[in-house]
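What follows is a short report on a single structure.
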Amino acid sequence: MSSEIVSLSPLDTTRFGIVSARASQISPENLHFILEFCSKNRVKFLIGRCSSSDIKTVHAMEDNGFRLMDTLVYLRKDLHGFSYLGVPEELVIRSLEPGDVPQVVNVAKASFTGYKGHYNVDRRLDPEAAIEVYASWAERCCLNRSVADHVLVAEMNNEIVGFKAIRINSPQQTEVILVGVAPQARKKGIFRELMSQCLRWSREIDAKETIISTLLTNIPVQKACSQLNFTLYSSYHTFHKWFD
């Protein structure tokens with residue numbers, strides 16, 4: 001059972017063993033409908049998002065027991081005039097191959113350990129299960145074209161140390177939906193090179209822009225995107241509500 005505003009989340013239900021739901025574009029006008037939906041469907045755990053500029057909605061959610069977990073910022077890159085600069089010799093960036101999937105999953109696990117996303121900071125969620133969210137997501141990006149249209153991997157010394165999953169939102173727009181760099185390979189420019197290759201691929205399929213979201217607190221990613229002339233255009237708060 002679902003609507004355009006709120007729907008059950010089978011993946012989260014399976015991951016955490018509790019009936020879960022997701023709601024987007026929450027407003028004071030539809031909040032009652034969302035809460036009623038959760039009551040009728042015996043939802044235990046709700047993930048909800050609203051624009052960070054919508055203070056009225058933020059207050060309404062707080063009044064109804066929602067707790068802020070993270071804030072995402074969205075950045076956009078106009079692909080007109082983009083020129084690819086090349087990759088350092090010690091780094092290989094290429095398209096995913098079938099045998100790469102286990103390494104990508106391992107990179108995701110390592111990359112998102114200690115991450116401050118909404119799953120990780122909610123103390124009521126199993127922290128091991130929270131990390132598995134990203135590992136499972138990475139695996140689905142590799143195996144399911146309805147999740148991601150293209151996956152790039154970064155190799156150093158024949159070892160995969162990073163990946164980036166890309167979705168085609170429309171003929172005009174691509175989106176980076178998941179990215180991970182192994183902790184031991186950070187501060188080597190791998191994220192930036194993966195992003196450059198993503199932009200190159202997007203240009204090759206005639207997209208006009210690429211977007212990416214990241215945590216407000218993820219300054220390294222924002223700096224790398226700024227170097228590639230991405231610009232900030234929106235932001236969203238993520239809230240959790242527990243029904244008990």
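In the structure tokens, each chain is lettered A, B, ... as it comes, each chain's residues begin at 1, and ligands are numbered from 1 in order of appearance.
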Item to complete: Would you kindly return, as an MDAnalysis selection string, each protein, DNA or RNA residue with an atom no farther than 12 Å from any atom of stretch 8-17 of chain A, considering only C-alpha atoms and excluding same-chain residues fewer than 6 positions away?
Response: chainID A and resid 1:2 23 34 37:48 119 124:137 140
Selection file, N, CA and C atoms, as a CSV table (one decimal), in the first residue's frame:
chain,number,residue,atom,x,y,z
A,1,MET,N,0.9,-1.2,0.0
A,1,MET,CA,0.0,0.0,0.0
A,1,MET,C,0.9,1.2,0.0
A,2,SER,N,0.6,2.2,-0.9
A,2,SER,CA,1.4,3.4,-1.0
A,2,SER,C,0.7,4.5,-1.6
A,23,ALA,N,8.4,8.7,3.7
A,23,ALA,CA,7.6,9.8,3.3
A,23,ALA,C,8.5,10.9,2.8
A,34,ILE,N,-0.1,11.3,6.4
A,34,ILE,CA,1.0,10.4,6.5
A,34,ILE,C,0.9,9.6,7.8
A,37,PHE,N,-1.8,7.0,7.6
A,37,PHE,CA,-1.3,5.9,6.8
A,37,PHE,C,-0.5,5.0,7.7
A,38,CYS,N,0.4,5.5,8.5
A,38,CYS,CA,1.3,4.7,9.3
A,38,CYS,C,0.5,4.0,10.4
A,39,SER,N,-0.5,4.6,10.9
A,39,SER,CA,-1.4,4.0,11.9
A,39,SER,C,-2.1,2.8,11.3
A,40,LYS,N,-2.7,3.0,10.1
A,40,LYS,CA,-3.5,1.9,9.5
A,40,LYS,C,-2.6,0.8,9.1
A,41,ASN,N,-1.3,1.0,8.8
A,41,ASN,CA,-0.5,0.0,8.3
A,41,ASN,C,0.5,-0.5,9.4
A,42,ARG,N,0.2,-0.1,10.7
A,42,ARG,CA,1.0,-0.6,11.8
A,42,ARG,C,2.5,-0.3,11.6
A,43,VAL,N,2.8,0.8,11.1
A,43,VAL,CA,4.2,1.2,10.9
A,43,VAL,C,4.9,1.5,12.3
A,44,LYS,N,6.0,0.9,12.4
A,44,LYS,CA,6.8,1.1,13.7
A,44,LYS,C,7.9,2.3,13.5
A,45,PHE,N,8.4,2.4,12.2
A,45,PHE,CA,9.5,3.2,12.0
A,45,PHE,C,9.3,4.0,10.7
A,46,LEU,N,9.3,5.3,10.7
A,46,LEU,CA,9.1,6.1,9.6
A,46,LEU,C,10.3,7.0,9.3
A,47,ILE,N,10.7,7.0,8.0
A,47,ILE,CA,11.8,8.0,7.5
A,47,ILE,C,11.0,9.0,6.7
A,48,GLY,N,11.2,10.3,7.1
A,48,GLY,CA,10.5,11.4,6.4
A,48,GLY,C,11.5,12.5,6.1
A,119,TYR,N,20.6,6.5,9.1
A,119,TYR,CA,20.6,5.2,9.6
A,119,TYR,C,21.6,5.0,10.8
A,124,ARG,N,18.4,3.8,18.0
A,124,ARG,CA,17.5,2.7,18.1
A,124,ARG,C,17.7,1.7,17.0
A,125,LEU,N,18.5,2.0,16.0
A,125,LEU,CA,18.7,1.0,14.9
A,125,LEU,C,20.0,0.3,15.2
A,126,ASP,N,20.0,-1.0,14.9
A,126,ASP,CA,21.2,-1.9,15.0
A,126,ASP,C,22.3,-1.3,14.1
A,127,PRO,N,23.5,-0.9,14.7
A,127,PRO,CA,24.5,-0.3,13.9
A,127,PRO,C,25.1,-1.2,12.8
A,128,GLU,N,25.1,-2.5,13.1
A,128,GLU,CA,25.6,-3.4,12.1
A,128,GLU,C,24.6,-3.5,10.9
A,129,ALA,N,23.3,-3.5,11.2
A,129,ALA,CA,22.3,-3.5,10.2
A,129,ALA,C,22.4,-2.2,9.4
A,130,ALA,N,22.7,-1.1,10.1
A,130,ALA,CA,22.8,0.2,9.4
A,130,ALA,C,23.9,0.2,8.3
A,131,ILE,N,25.1,-0.4,8.7
A,131,ILE,CA,26.1,-0.5,7.7
A,131,ILE,C,25.7,-1.4,6.5
A,132,GLU,N,25.0,-2.5,6.8
A,132,GLU,CA,24.6,-3.4,5.8
A,132,GLU,C,23.6,-2.7,4.8
A,133,VAL,N,22.9,-1.6,5.2
A,133,VAL,CA,22.1,-0.9,4.3
A,133,VAL,C,22.9,-0.5,3.1
A,134,TYR,N,24.1,0.1,3.3
A,134,TYR,CA,24.9,0.6,2.3
A,134,TYR,C,25.6,-0.5,1.5
A,135,ALA,N,26.0,-1.6,2.1
A,135,ALA,CA,26.5,-2.7,1.4
A,135,ALA,C,25.5,-3.3,0.5
A,136,SER,N,24.3,-3.5,1.0
A,136,SER,CA,23.2,-4.0,0.2
A,136,SER,C,22.9,-3.1,-1.0
A,137,TRP,N,22.8,-1.8,-0.7
A,137,TRP,CA,22.6,-0.8,-1.7
A,137,TRP,C,23.6,-0.9,-2.8
A,140,ARG,N,23.0,-3.9,-5.0
A,140,ARG,CA,21.9,-3.8,-5.9
A,140,ARG,C,22.2,-2.8,-7.0
Discussion item. Residues near A:Ile212, anyone? I mean within 12 Å using only C-alpha atoms, not counting same-chain ones fewer than 6 positions away, as a VMD selection string.
Written reply: chain A and resid 72 to 77 164 to 167 169 173 to 179 195 198 to 199 221 to 222 224 to 226 230 to 235
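What separates atom CA of A:Leu143 from atom CA of A:Leu96 is a distance of 10.1 Å.
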Item to complete: Determine which residues of stretch 8-135 of chain A DSSP labels as helix (DSSP H, G or I) from the backbone of this structure, then write them out as a PyMOL selection string.
Response: chain A and resi 10-16+31-40+55-63+98-112+118-121+127-135
Worksheet entry | Nearby residues (only C-alpha atoms) at most 7 Å from A:Thr238, same-chain spacing under 6 positions excluded, as number ranges by chain | A: 48-49, 68-71, 118
Keeping only C-alpha atoms, write the selected residues to a file as a PDB file, in the first residue's frame.
ATOM      1  CA  GLY A  48      10.541  11.406   6.424  1.00  0.00           C
ATOM      2  CA  ARG A  49      12.095  14.248   4.476  1.00  0.00           C
ATOM      3  CA  LEU A  68      16.209  15.233  13.000  1.00  0.00           C
ATOM      4  CA  MET A  69      18.833  12.716  11.834  1.00  0.00           C
ATOM      5  CA  ASP A  70      20.742  14.353   8.971  1.00  0.00           C
ATOM      6  CA  THR A  71      20.666  17.052   6.302  1.00  0.00           C
ATOM      7  CA  HIS A 118      20.429   8.971   9.206  1.00  0.00           C
TER       8      HIS A 118
END
